[in-house]
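File shown: target_20.cif. Contents: mmCIF, C-alpha atoms.
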```
data_query
#
loop_
_atom_site.label_atom_id
_atom_site.label_comp_id
_atom_site.auth_asym_id
_atom_site.auth_seq_id
_atom_site.Cartn_x
_atom_site.Cartn_y
_atom_site.Cartn_z
CA MET A 1 122.52 107.45 -227.04
CA THR A 2 124.60 106.29 -230.00
CA LYS A 3 127.07 103.41 -230.24
CA ALA A 4 129.90 102.59 -232.61
CA PHE A 5 129.03 99.70 -234.95
CA HIS A 6 131.52 97.98 -237.26
CA ILE A 7 129.99 97.22 -240.65
CA TYR A 8 131.55 94.63 -242.97
CA LYS A 9 130.67 94.25 -246.64
CA GLY A 10 131.62 90.81 -247.89
CA GLU A 11 135.26 90.76 -246.75
CA ILE A 12 137.44 91.52 -243.73
CA ASP A 13 137.63 95.28 -244.34
CA PHE A 14 135.08 97.33 -242.42
CA THR A 15 133.93 100.82 -241.63
CA THR A 16 132.59 102.22 -238.36
CA PHE A 17 129.40 104.22 -237.95
CA GLU A 18 127.69 105.79 -234.95
CA PHE A 19 124.05 104.67 -234.69
CA GLU A 20 121.27 104.48 -232.16
CA GLU A 21 120.72 100.83 -231.19
CA SER A 22 117.10 101.13 -232.31
CA ILE A 23 117.93 102.13 -235.88
CA THR A 24 116.45 99.66 -238.36
CA LEU A 25 118.44 97.80 -240.97
CA ASP A 26 116.74 99.51 -243.90
CA ALA A 27 117.79 102.89 -242.48
CA ILE A 28 121.36 101.65 -242.08
CA ARG A 29 121.35 100.43 -245.68
CA LYS A 30 120.37 103.92 -246.83
CA LYS A 31 123.13 105.52 -244.73
CA LEU A 32 125.71 103.10 -246.15
CA ILE A 33 124.70 104.12 -249.68
CA ASP A 34 124.60 107.84 -248.87
CA SER A 35 128.09 107.64 -247.32
CA GLY A 36 129.58 105.89 -250.37
CA PHE A 37 130.46 102.71 -248.45
CA MET A 38 127.99 100.80 -250.63
CA THR A 39 126.70 101.57 -254.11
CA ILE A 40 123.08 101.21 -255.14
CA SER A 41 124.11 98.36 -257.43
CA GLU A 42 125.92 96.54 -254.60
CA SER A 43 122.92 97.04 -252.36
CA GLU A 44 120.90 94.73 -254.60
CA ASP A 45 123.31 91.87 -253.86
CA PHE A 46 124.10 92.28 -250.15
CA ARG A 47 122.04 91.10 -247.16
CA PHE A 48 122.64 91.34 -243.41
CA VAL A 49 123.74 88.21 -241.54
CA ASN A 50 121.99 87.59 -238.21
CA PHE A 51 124.75 86.78 -235.71
CA GLN A 52 122.11 86.13 -233.03
CA ASN A 53 120.24 83.48 -234.98
CA LYS A 54 119.91 80.02 -233.37
CA THR A 55 118.31 77.99 -236.19
CA PRO A 56 119.87 76.29 -239.25
CA LYS A 57 117.30 77.73 -241.67
CA TYR A 58 118.76 79.91 -244.40
CA GLU A 59 115.93 82.44 -244.11
CA ASP A 60 116.82 82.93 -240.42
CA MET A 61 120.58 83.12 -241.06
CA VAL A 62 120.32 85.82 -243.74
CA VAL A 63 117.89 88.70 -243.21
CA GLY A 64 115.44 89.17 -246.07
CA ILE A 65 115.52 92.68 -247.48
CA SER A 66 111.75 93.02 -247.11
CA THR A 67 111.99 92.52 -243.33
CA GLU A 68 114.78 95.06 -242.71
CA THR A 69 112.27 97.79 -241.92
CA TYR A 70 111.17 95.81 -238.81
CA ILE A 71 114.57 94.76 -237.41
CA PRO A 72 116.87 97.03 -235.37
CA ILE A 73 120.62 96.61 -235.59
CA SER A 74 120.61 95.48 -231.94
CA GLY A 75 118.68 92.39 -233.07
CA ILE A 76 121.40 90.99 -235.37
CA ILE A 77 124.81 92.17 -234.16
CA GLY A 78 127.45 90.12 -232.39
CA GLU A 79 128.92 91.09 -229.04
CA ASN A 80 131.67 93.08 -230.74
CA ASN A 81 128.99 95.34 -232.25
CA GLN A 82 129.72 94.03 -235.70
CA ALA A 83 127.27 93.68 -238.57
CA TYR A 84 128.09 91.75 -241.73
CA LEU A 85 126.62 92.14 -245.21
CA THR A 86 127.03 89.05 -247.39
CA ASP A 87 126.73 88.89 -251.19
CA VAL A 88 123.85 86.47 -251.84
CA ASN A 89 124.42 86.47 -255.62
CA LYS A 90 128.16 85.77 -255.64
CA THR A 91 129.06 82.50 -257.38
CA MET A 92 132.81 82.29 -256.64
CA GLU A 93 134.52 82.53 -253.22
CA THR A 94 131.08 82.59 -251.62
CA ASP A 95 130.77 83.26 -247.89
CA PHE A 96 129.95 80.42 -245.51
CA ILE A 97 127.46 80.91 -242.68
CA GLY A 98 127.12 78.37 -239.87
CA PHE A 99 127.57 77.61 -236.18
CA SER A 100 130.92 77.22 -234.46
CA THR A 101 131.22 73.88 -232.67
CA ASP A 102 133.75 71.88 -230.68
CA TRP A 103 132.60 68.57 -232.22
CA TRP A 104 130.72 67.29 -235.23
CA PHE A 105 128.37 64.42 -234.56
CA ASP A 106 126.23 61.82 -236.28
CA ARG A 107 124.07 59.31 -234.43
CA TYR A 108 126.34 57.74 -231.75
CA MET A 109 129.69 59.08 -232.92
CA SER A 110 131.35 62.48 -232.66
CA CYS A 111 134.66 63.70 -234.05
CA ARG A 112 136.83 66.75 -234.49
CA MET A 113 140.12 68.06 -235.90
CA ARG A 114 142.66 69.63 -233.52
CA LEU A 115 146.29 70.72 -233.54
CA ASN A 116 148.77 67.96 -232.74
CA THR A 117 150.31 69.13 -229.48
CA THR A 118 151.78 65.75 -228.51
CA ASP A 119 154.47 64.90 -231.06
CA SER A 120 157.59 66.99 -230.53
CA GLU A 121 158.13 68.01 -234.18
CA ALA A 122 154.43 68.84 -234.50
CA ARG A 123 154.61 71.16 -231.50
CA LYS A 124 157.46 73.06 -233.15
CA ALA A 125 155.59 73.32 -236.46
CA ASN A 126 152.43 74.55 -234.71
CA GLU A 127 154.02 77.34 -232.68
CA GLY A 128 151.84 80.43 -233.06
CA LYS A 129 149.16 78.62 -235.06
CA PHE A 130 145.47 78.70 -234.08
CA GLN A 131 143.24 75.71 -233.44
CA PRO A 132 141.25 74.50 -236.45
CA PHE A 133 137.91 76.30 -236.53
CA MET A 134 134.92 73.99 -237.03
CA LEU A 135 131.47 74.94 -238.30
CA THR A 136 128.32 72.88 -238.59
CA ASN A 137 124.91 73.47 -240.19
CA VAL A 138 126.79 75.46 -242.81
CA LYS A 139 125.04 77.27 -245.66
CA THR A 140 126.53 79.16 -248.59
CA ALA A 141 125.50 82.82 -248.72
CA ASN A 142 124.12 82.28 -252.22
CA PRO A 143 121.17 79.85 -251.84
CA ASN A 144 121.01 79.21 -255.59
CA LEU A 145 124.40 77.56 -256.02
CA PRO A 146 124.48 73.98 -257.38
CA ALA A 147 123.55 71.36 -254.78
CA ILE A 148 126.93 70.80 -253.10
CA SER A 149 126.46 70.28 -249.38
CA PHE A 150 129.08 71.86 -247.12
CA GLU A 151 127.18 71.11 -243.91
CA ASN A 152 130.42 70.66 -241.92
CA ILE A 153 133.62 72.59 -242.64
CA VAL A 154 136.91 73.14 -240.84
CA VAL A 155 139.25 76.07 -241.48
CA CYS A 156 142.95 75.82 -240.58
CA GLU A 157 146.07 77.87 -240.91
CA LYS A 158 148.29 76.57 -243.72
CA ASP A 159 150.80 73.90 -242.69
CA SER A 160 149.07 73.13 -239.39
CA VAL A 161 150.01 69.67 -238.13
CA ILE A 162 146.80 68.14 -236.87
CA GLN A 163 145.19 65.12 -235.29
CA PHE A 164 141.70 63.65 -235.48
CA GLU A 165 139.71 62.79 -232.35
CA ILE A 166 136.78 60.37 -232.23
CA SER A 167 134.29 59.50 -229.50
CA SER A 168 131.96 56.60 -230.24
CA TRP A 169 129.57 54.02 -228.86
CA ALA A 170 130.93 50.47 -229.00
CA ALA A 171 130.02 46.82 -228.39
CA ALA A 172 133.17 44.69 -228.10
CA GLY A 173 134.68 47.74 -229.72
CA TYR A 174 134.40 49.88 -232.80
CA GLY A 175 136.34 50.21 -236.04
CA TYR A 176 137.08 53.50 -237.74
CA THR A 177 138.45 55.02 -240.93
CA ILE A 178 139.47 58.58 -241.78
CA LYS A 179 139.89 59.40 -245.45
CA PRO A 180 139.39 61.99 -248.17
CA THR A 181 137.36 61.15 -251.26
CA SER A 182 140.64 61.24 -253.22
CA GLY A 183 144.24 61.00 -252.12
CA SER A 184 145.85 58.95 -249.38
CA PRO A 185 143.56 57.83 -246.54
CA ILE A 186 144.81 58.68 -243.08
CA ASN A 187 144.49 54.98 -242.22
CA SER A 188 144.52 52.70 -245.26
CA LYS A 189 143.34 49.77 -243.10
CA PRO A 190 140.66 49.94 -240.37
CA LEU A 191 141.79 50.73 -236.86
CA TYR A 192 139.98 49.49 -233.74
CA ILE A 193 139.16 50.53 -230.20
CA THR A 194 138.23 47.53 -228.05
CA PHE A 195 136.86 46.53 -224.64
CA THR A 196 137.43 43.41 -222.58
CA GLY A 197 134.02 43.56 -220.89
CA CYS A 198 130.46 43.54 -222.18
CA PRO A 199 127.92 45.57 -220.17
CA LYS A 200 124.47 44.08 -219.65
CA ASP A 201 122.87 46.91 -221.55
CA GLY A 202 123.65 50.24 -223.15
CA GLY A 203 127.05 49.50 -224.63
CA ASN A 204 130.49 50.99 -224.15
CA TYR A 205 131.78 54.44 -225.05
CA ALA A 206 135.38 55.29 -225.87
CA ARG A 207 137.41 58.21 -227.17
CA THR A 208 140.55 57.95 -229.28
CA SER A 209 142.81 60.10 -231.43
CA LEU A 210 144.91 59.52 -234.53
CA ARG A 211 147.83 61.82 -235.18
CA ARG A 212 149.71 59.81 -237.83
CA TYR A 213 149.22 58.06 -241.14
CA TYR A 214 148.64 54.32 -240.80
CA THR A 215 149.69 52.92 -244.17
CA GLU A 216 151.65 49.72 -243.67
CA ASN A 217 154.60 49.14 -246.03
CA GLN A 218 154.25 52.63 -247.50
CA SER A 219 156.60 55.58 -247.09
CA GLN A 220 154.06 57.80 -245.32
CA ASN A 221 153.40 55.23 -242.57
CA LYS A 222 153.80 56.88 -239.14
CA SER A 223 154.14 60.35 -240.67
CA THR A 224 152.34 63.17 -238.87
CA ILE A 225 149.50 64.90 -240.71
CA LYS A 226 149.76 68.37 -242.26
CA VAL A 227 147.02 70.57 -243.76
CA VAL A 228 147.94 72.34 -247.00
CA ALA A 229 146.17 74.27 -249.74
CA THR A 230 145.11 71.96 -252.57
CA ASP A 231 146.72 74.22 -255.17
CA THR A 232 150.11 73.07 -253.89
CA LEU A 233 149.24 69.59 -255.21
CA ASN A 234 148.41 70.77 -258.77
CA LEU A 235 145.03 69.03 -258.68
CA GLY A 236 143.37 71.02 -261.44
CA GLY A 237 139.59 70.68 -261.10
CA ASN A 238 139.71 67.88 -258.53
CA ASP A 239 139.97 70.07 -255.41
CA LEU A 240 136.52 69.01 -254.18
CA ASN A 241 137.42 65.33 -253.97
CA TYR A 242 140.60 66.02 -252.02
CA MET A 243 139.03 68.43 -249.52
CA LYS A 244 136.01 66.20 -248.76
CA PHE A 245 136.69 63.87 -245.81
CA SER A 246 134.79 61.07 -244.09
CA ILE A 247 135.17 59.78 -240.54
CA ARG A 248 133.18 56.59 -239.93
CA THR A 249 132.79 54.18 -237.01
CA TRP A 250 131.13 50.76 -237.00
CA LYS A 251 130.41 47.91 -234.60
CA VAL A 252 132.93 45.23 -233.56
CA THR A 253 131.39 42.12 -232.00
CA GLU A 254 134.43 39.90 -231.42
CA TYR A 255 138.25 39.97 -231.49
CA LYS A 256 141.27 38.09 -230.16
CA SER A 257 144.11 39.54 -228.09
CA ASN A 258 146.82 37.75 -226.07
CA ASN A 259 145.30 34.39 -227.06
CA LYS A 260 141.97 35.32 -225.50
CA VAL A 261 138.70 35.90 -227.37
CA TYR A 262 136.45 38.81 -226.35
CA LYS A 263 132.83 39.04 -227.45
CA CYS A 264 130.04 41.59 -227.15
CA ASN A 265 127.17 41.89 -229.60
CA LEU A 266 124.85 44.45 -228.06
CA PRO A 267 122.53 46.17 -230.53
CA LEU A 268 123.05 49.81 -231.35
CA PRO A 269 120.89 52.18 -229.30
CA SER A 270 117.52 52.99 -230.78
CA PRO A 271 117.87 55.42 -233.70
CA TYR A 272 114.80 57.20 -232.37
CA GLN A 273 116.37 58.04 -229.01
CA LYS A 274 116.37 61.78 -228.43
CA GLN A 275 119.77 63.43 -228.78
CA GLU A 276 119.70 65.14 -225.40
CA THR A 277 119.32 61.79 -223.55
CA ILE A 278 122.58 60.35 -224.95
CA THR A 279 125.64 60.24 -222.72
CA PRO A 280 127.92 63.29 -223.16
CA PRO A 281 129.71 64.48 -225.25
CA TYR A 282 126.63 63.86 -227.40
CA SER A 283 124.41 66.38 -225.65
CA GLN A 284 124.66 69.94 -227.01
CA LEU A 285 127.76 70.32 -229.13
CA VAL A 286 127.00 73.53 -231.01
CA ASN A 287 128.09 76.73 -229.26
CA GLY A 288 124.94 78.47 -230.43
CA ASP A 289 125.96 81.74 -232.09
CA GLU A 290 126.12 82.11 -235.84
CA SER A 291 129.49 82.69 -237.50
CA VAL A 292 130.63 83.89 -240.91
CA ILE A 293 133.67 82.81 -242.92
CA PRO A 294 134.21 85.24 -245.83
CA GLY A 295 134.84 83.21 -248.97
CA GLY A 296 137.60 85.50 -250.17
CA THR A 297 139.75 84.74 -247.11
CA ILE A 298 139.96 80.95 -247.61
CA GLU A 299 140.94 78.36 -250.19
CA PRO A 300 140.44 74.57 -250.48
CA GLY A 301 142.64 72.43 -248.25
CA THR A 302 143.61 68.81 -247.74
CA THR A 303 146.04 66.68 -245.73
CA VAL A 304 149.47 65.35 -246.67
CA PRO A 305 152.21 63.48 -244.78
CA THR A 306 154.76 65.82 -243.19
CA GLY A 307 157.63 63.34 -243.37
CA ASP A 308 158.20 63.72 -239.62
CA GLN A 309 157.60 60.55 -237.64
CA SER A 310 154.86 60.48 -235.02
CA GLU A 311 155.58 58.93 -231.66
CA GLN A 312 152.12 57.33 -231.57
CA ASN A 313 152.16 53.52 -231.37
CA ILE A 314 149.27 51.36 -232.58
CA GLY A 315 148.63 47.91 -231.12
CA THR A 316 147.48 44.74 -232.85
CA ILE A 317 144.41 42.53 -232.44
CA TYR A 318 143.37 39.46 -234.44
CA ASN A 319 140.33 37.65 -235.82
CA VAL A 320 138.19 40.76 -235.71
CA LYS A 321 134.50 40.27 -236.41
CA ASP A 322 133.00 43.55 -237.53
CA SER A 323 130.59 44.87 -240.12
CA GLN A 324 130.17 48.04 -242.15
CA ASN A 325 126.66 47.06 -243.20
CA VAL A 326 124.12 49.85 -242.84
CA GLY A 327 122.72 48.47 -239.58
CA ASP A 328 126.16 48.29 -237.96
CA ILE A 329 127.38 51.81 -238.79
CA ILE A 330 127.59 53.78 -235.55
CA GLY A 331 128.05 57.15 -237.24
CA GLU A 332 129.68 58.93 -240.16
CA VAL A 333 130.60 62.60 -240.49
CA ILE A 334 131.39 64.21 -243.83
CA PHE A 335 133.33 67.49 -243.74
CA TYR A 336 135.34 69.79 -245.99
CA VAL A 337 138.75 71.30 -245.27
CA PHE A 338 139.72 74.91 -246.01
CA VAL A 339 142.81 76.94 -245.16
CA PHE A 340 143.05 80.66 -244.54
CA LYS A 341 145.09 82.48 -247.16
CA THR A 342 146.91 84.43 -244.46
CA LYS A 343 147.12 84.48 -240.67
CA GLU A 344 145.97 88.09 -240.80
CA ASP A 345 142.74 87.01 -242.52
CA ALA A 346 142.17 84.41 -239.80
CA GLU A 347 142.69 86.89 -236.99
CA ALA A 348 140.37 89.40 -238.62
CA VAL A 349 137.62 86.79 -238.98
CA PHE A 350 138.01 85.48 -235.44
CA GLY A 351 138.86 88.68 -233.62
CA GLN A 352 136.48 91.12 -235.29
CA MET A 353 133.75 89.52 -237.37
CA ASN A 354 132.59 86.73 -235.08
CA ASP A 355 131.89 86.51 -231.38
CA ILE A 356 134.26 83.61 -230.73
CA ASP A 357 136.03 82.50 -227.56
CA PRO A 358 139.76 83.03 -228.36
CA SER A 359 140.57 79.64 -226.83
CA ILE A 360 138.91 78.05 -229.87
CA TRP A 361 141.43 79.43 -232.30
CA GLN A 362 144.56 80.24 -230.33
CA GLY A 363 147.11 77.43 -230.28
#
```

Is it possible to express this structure as structure tokens?
Amino acid sequence: MTKAFHIYKGEIDFTTFEFEESITLDAIRKKLIDSGFMTISESEDFRFVNFQNKTPKYEDMVVGISTETYIPISGIIGENNQAYLTDVNKTMETDFIGFSTDWWFDRYMSCRMRLNTTDSEARKANEGKFQPFMLTNVKTANPNLPAISFENIVVCEKDSVIQFEISSWAAAGYGYTIKPTSGSPINSKPLYITFTGCPKDGGNYARTSLRRYYTENQSQNKSTIKVVATDTLNLGGNDLNYMKFSIRTWKVTEYKSNNKVYKCNLPLPSPYQKQETITPPYSQLVNGDESVIPGGTIEPGTTVPTGDQSEQNIGTIYNVKDSQNVGDIIGEVIFYVFVFKTKEDAEAVFGQMNDIDPSIWQG
């Protein structure tokens, strides 16, 4: 019995073929050439992506042409019966292959980017927009590109107004910064999450969000945060520095609030502790199925102040004792921001190419 399979070749356009589920990938490749959907020359560049892969190894993400004779189409397709051929020799607008995730994490900190659904002006701006789409363990389709690591990326719709969320281990508290390599940091001075008690062991855990710029005595202070394409900033060749972001947390051991001093100097948990034993949300954060973002559908992105004032208030503490020395860093996540060129591209990627829960990308 045959089934309809949707075959993509490096972009969001596709064709549909009727195949037996047992047909092997090398036989499909021949049919694609015979039908005119792919030329012999193109066939040398394109490889099948394995949507069912569960490992971060490139050789498992992208099917080697020599193994196609052993693999049926049923072994690589997503639940929408889609197969994707990626150009492994392309050097510009290269596809990204990775795993969709709700959080990124490093050691004892996790973080994510979401739509701002709290501030009233942000809600208006975000009407009809989809949630930022996060990938981890990301590889470029071309394994021979210069050594730029895009392990974590997030893809947004242009002009999305967003917030950052952080969950972290803490002693008396933790400090955090959110900033791109170039351009205005989201918070130009450290911000802190604190506790009034000190547990006997283990440490505290706390989650927070930042939906505004914190830049005292500057015009963007309190402005909500918008994601734009970097070409709107006329950056020339500096896109990479503006789209590369860091979120870092570190240990706070003492602070003063309301004329009272609070102290807690517990050591960080053992760095050798297994990930699955850590208190949620640090257990299993990756959804599991492989996803593809076609390079031609996205462009570099970054954040800018919207000019609209956030309603988020930030309190004050004093005499903070903290450290960003290596041994006191709780976690740091590096990620890159992209925006879809059009909403139609986004919906094609999410609704057709990848097996993705719509709640991830619908606002």

Could you pull the residues within 12 Å of Ala125 in chain A, counting all atoms listed in the file, minus those fewer than 4 positions along the same chain, as a VMD selection string? chain A and resid 115 to 121 129 to 130 157 to 162 224 to 227 306 308 363

Run the PyMOL selection byres ((chain A and resi 292) around 6) on the file and write out the hits as a list in words. Phe96, Ile97, Ser291 and Ile293 of chain A

Nearest-residue call for Tyr8 in chain A, choices A:Ser219, A:Gln82, A:Gln52, A:Ser246, using only C-alpha atoms: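 Selected residue with least distance to Tyr8 in chain A: A:Gln82.
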
Excluding range 318-332 of chain A and any residue of its chain fewer than 4 positions from it, enumerate the residues within 6 Å of it, using all atoms listed in the file, and give them as a list in words.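 Result of the neighbour search: Asp106, Arg107, Tyr108, Met109, Ile247, Arg248, Thr249, Trp250, Lys251, Val252, Thr253, Glu254, Tyr255 and Lys256 of chain A.
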
May I ask for the distance between CA of Thr91 in chain A and CA of Glu151 in chain A, given in Å to one decimal place?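 Distance between the two atoms: 17.7 Å.
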
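Using all atoms listed in the file, the smallest distance between any of A:Ser43, A:Asn221, A:Asn144, A:Gln163 and Arg123 in chain A comes from A:Gln163.
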
I'd like to know which of A:Asn187, A:Thr86, A:Gln312, A:Ser223 is closest to Gly295 in chain A, using all atoms listed in the file. A:Thr86

If I only want range 315-327 of chain A, can you write it with N, CA and C atoms, as an mmCIF file, in the first residue's frame?
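New file out-v4.cif:
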```cif
data_model
loop_
_atom_site.group_PDB
_atom_site.id
_atom_site.type_symbol
_atom_site.label_atom_id
_atom_site.label_comp_id
_atom_site.auth_asym_id
_atom_site.auth_seq_id
_atom_site.Cartn_x
_atom_site.Cartn_y
_atom_site.Cartn_z
ATOM 1 N N GLY A 315 13.063 46.051 42.254
ATOM 2 C CA GLY A 315 13.398 46.512 43.596
ATOM 3 C C GLY A 315 14.883 46.788 43.767
ATOM 4 N N THR A 316 15.248 47.202 44.974
ATOM 5 C CA THR A 316 16.631 47.582 45.269
ATOM 6 C C THR A 316 17.140 46.836 46.497
ATOM 7 N N ILE A 317 18.371 46.345 46.416
ATOM 8 C CA ILE A 317 19.072 45.792 47.571
ATOM 9 C C ILE A 317 20.437 46.476 47.642
ATOM 10 N N TYR A 318 21.139 46.284 48.765
ATOM 11 C CA TYR A 318 22.378 47.022 49.001
ATOM 12 C C TYR A 318 23.478 46.073 49.473
ATOM 13 N N ASN A 319 24.708 46.575 49.395
ATOM 14 C CA ASN A 319 25.873 45.873 49.938
ATOM 15 C C ASN A 319 25.927 44.412 49.479
ATOM 16 N N VAL A 320 25.719 44.221 48.202
ATOM 17 C CA VAL A 320 25.690 42.855 47.669
ATOM 18 C C VAL A 320 27.105 42.291 47.615
ATOM 19 N N LYS A 321 27.267 41.080 48.129
ATOM 20 C CA LYS A 321 28.522 40.350 47.992
ATOM 21 C C LYS A 321 28.293 39.210 47.008
ATOM 22 N N ASP A 322 28.902 39.338 45.850
ATOM 23 C CA ASP A 322 28.750 38.320 44.815
ATOM 24 C C ASP A 322 30.064 38.177 44.078
ATOM 25 N N SER A 323 30.127 37.213 43.187
ATOM 26 C CA SER A 323 31.367 36.956 42.468
ATOM 27 C C SER A 323 31.061 36.332 41.123
ATOM 28 N N GLN A 324 31.737 36.854 40.072
ATOM 29 C CA GLN A 324 31.654 36.227 38.761
ATOM 30 C C GLN A 324 32.940 35.464 38.434
ATOM 31 N N ASN A 325 33.681 35.104 39.471
ATOM 32 C CA ASN A 325 34.829 34.224 39.261
ATOM 33 C C ASN A 325 34.341 32.876 38.744
ATOM 34 N N VAL A 326 35.234 32.161 38.083
ATOM 35 C CA VAL A 326 34.845 30.904 37.427
ATOM 36 C C VAL A 326 34.109 29.971 38.383
ATOM 37 N N GLY A 327 34.592 29.846 39.622
ATOM 38 C CA GLY A 327 33.991 28.908 40.561
ATOM 39 C C GLY A 327 32.639 29.332 41.087
#
```
